[in-house]
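Colleague: Handing you a structure now.
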Amino acid sequence: MSLSTPKLAQPLPLHHRSNGSSMSFHTFTPFLGSTHKLRLIAPIKLNAHSKSTAVSVSDAVKDKKPKSAANLLISKEEGLQLYEDMILGRFFEDMCAQMYYRGKMFGFVHLYNGQEAVSTGFIKLLKKEDSVVSTYRDHVHSLSKGVPARAVMSELFGKATGCSRGQGGSMHMFSKEHNVIGGFAFIAEGIPIATGAAFSSKYRREVLKEADCDHVTLAFFGDGTCNNGQFYECLNMAALWKLPIVFVVENNLWAIGMSHLRATSDPQIWKKGPAFGMPGVHVDGMDVLKVREVAKEAIERARRGEGPTLVECETYRFRGHSLADPDELRDPAEKAHYAGRDPISALKKYIIENKLASEQELKAIEKKIDEVIEDAVEFADESPFPARSQLLENVFADPKGFGIGPDGKYRCEDPKFTEGTAHV
């Protein structure tokens, strides 16, 4: 699916390019799966020579049953990889809910159930050297990028074997090895970090002449973030410098308890891309194959040095904002409607109907992931808590400063320190 301006009357091949003529089209008016309707939008005239290109993928990508193997969107190997990654995310989060209510996890825990098509559709296309920047809903992004389930679960348990050594918890996953730059608890906090990572890639390639540095950064964030100033500042900077970054909006239609339709003057987030001179794309975030098609073009575009893309993935979370949220504000009919569009069930149906794999093969994957999750819980439960001496590590630039006393020992090793009675 090209991110150049399309004629939306017919489905487009993946690498379609405009012939350069000016054209007019209607953007979509409703959100894909919602009963809510947006106000009507007048036709938009785009000049194909303009740098500002807007694409509404919900109109351009049509559901068509393949007639032959040559028309399949994915191979068997790709289908099984996508299914396994989505099952890993779903089963992991379900286990997190169990462990949270058993008192194994503390603080706020935000689960990703329902949004798996976005993480899998984007991250499984990345190279190991590419970077991912996430939000407080970061467990599944980390898993998709290759961080072991043991390391993520241990972090949630606050154990030393966690990917952030037990000091980050649910909202601050990090892995230098896998280039997961972090989960960030405050909304929009990670977007400037992601923009900086993309700038680093461009600097290494163009200034330091590292010819093989074609690394791409994905910045994930939600619809509530898109009313934040840092979002706009970074769109401007990324477009101005043509940074290799994809801004991925996981629009689950709710910012905690605030409906997206009530929170912004124009709820079509993808339109903000062309305003800054980059393609803006809307895609069905409950369909991993559509997400993957858009992600592939956006990532390849960034890798070719053609600059950033803003992708709005319309999705839905199946649980409350966090495990502390009773989820009483959303209409039960709305929740039931989106539950009927479960992205995992949709992929499973596609795989079986197109004879990519059998029901038994998919059940074998589910059994395998069950064992991975059980092992992760057992490993996390048996792992040690961090030493108290770790408390002030990476806090002070001067290792002989506040954190270490005259005797050369960490102050936090003194019981009086944690009681608040130590002389400092």
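Identifiers in the structure tokens: chain A, B, ... in order shown; residue index from 1 per chain; ligand index from 1 in order shown.
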When DSSP is applied to the backbone of this structure, which of segment 106-313 of chain A are assigned strand (DSSP E or B)? Write them out as a PyMOL selection string.
Modeller: chain A and resi 131-133+175+180-182+217-222+245-251+254-255+258-259+280-284+309-313
Colleague: Apply DSSP to the structure's backbone, then extract all residues of segment 104-308 of chain A labelled helix (DSSP H, G or I) and return them as a ChimeraX atom specification.
Modeller: /A:116-123,139-144,149-156,190-206,223-227,229-241,260-263,269-275,288-303
Colleague: Which distance in Å separates atom CA of Gly277 of chain A and atom CA of Gly182 of chain A, to one decimal?
Modeller: 27.5 Å
Colleague: Using only C-alpha atoms, find each residue of segment 317-420 of chain A with at least one atom at most 10 Å away from an atom of segment 279-296 of chain A; report its shortest atom-to-atom pair and that distance in Å (one decimal), sort the rows by chain and rising residue number, and return the result as a tab-separated table.
Modeller:
```
residue	atom	partner	partner_atom	distance
A:Tyr338	CA	A:Met286	CA	8.8
A:Arg341	CA	A:Met286	CA	6.7
A:Asp342	CA	A:Met286	CA	6.8
A:Pro343	CA	A:Met286	CA	4.9
A:Ile344	CA	A:Val288	CA	8.4
A:Ser345	CA	A:Asp287	CA	9.9
A:Ala346	CA	A:Asp287	CA	7.1
A:Leu347	CA	A:Val288	CA	7.2
A:Tyr350	CA	A:Leu289	CA	9.6
```
Colleague: Please provide as a count of residues only all residues within 10 Å of segment 215-217 of chain A, with the sequence filter that same-chain residues fewer than 6 positions apart are discarded (counting only C-alpha atoms).
Modeller: 35
Colleague: Quote the spacing between atom CA of Lys124 of chain A and atom CA of Ser144 of chain A in Å to one decimal place.
Modeller: 6.5 Å
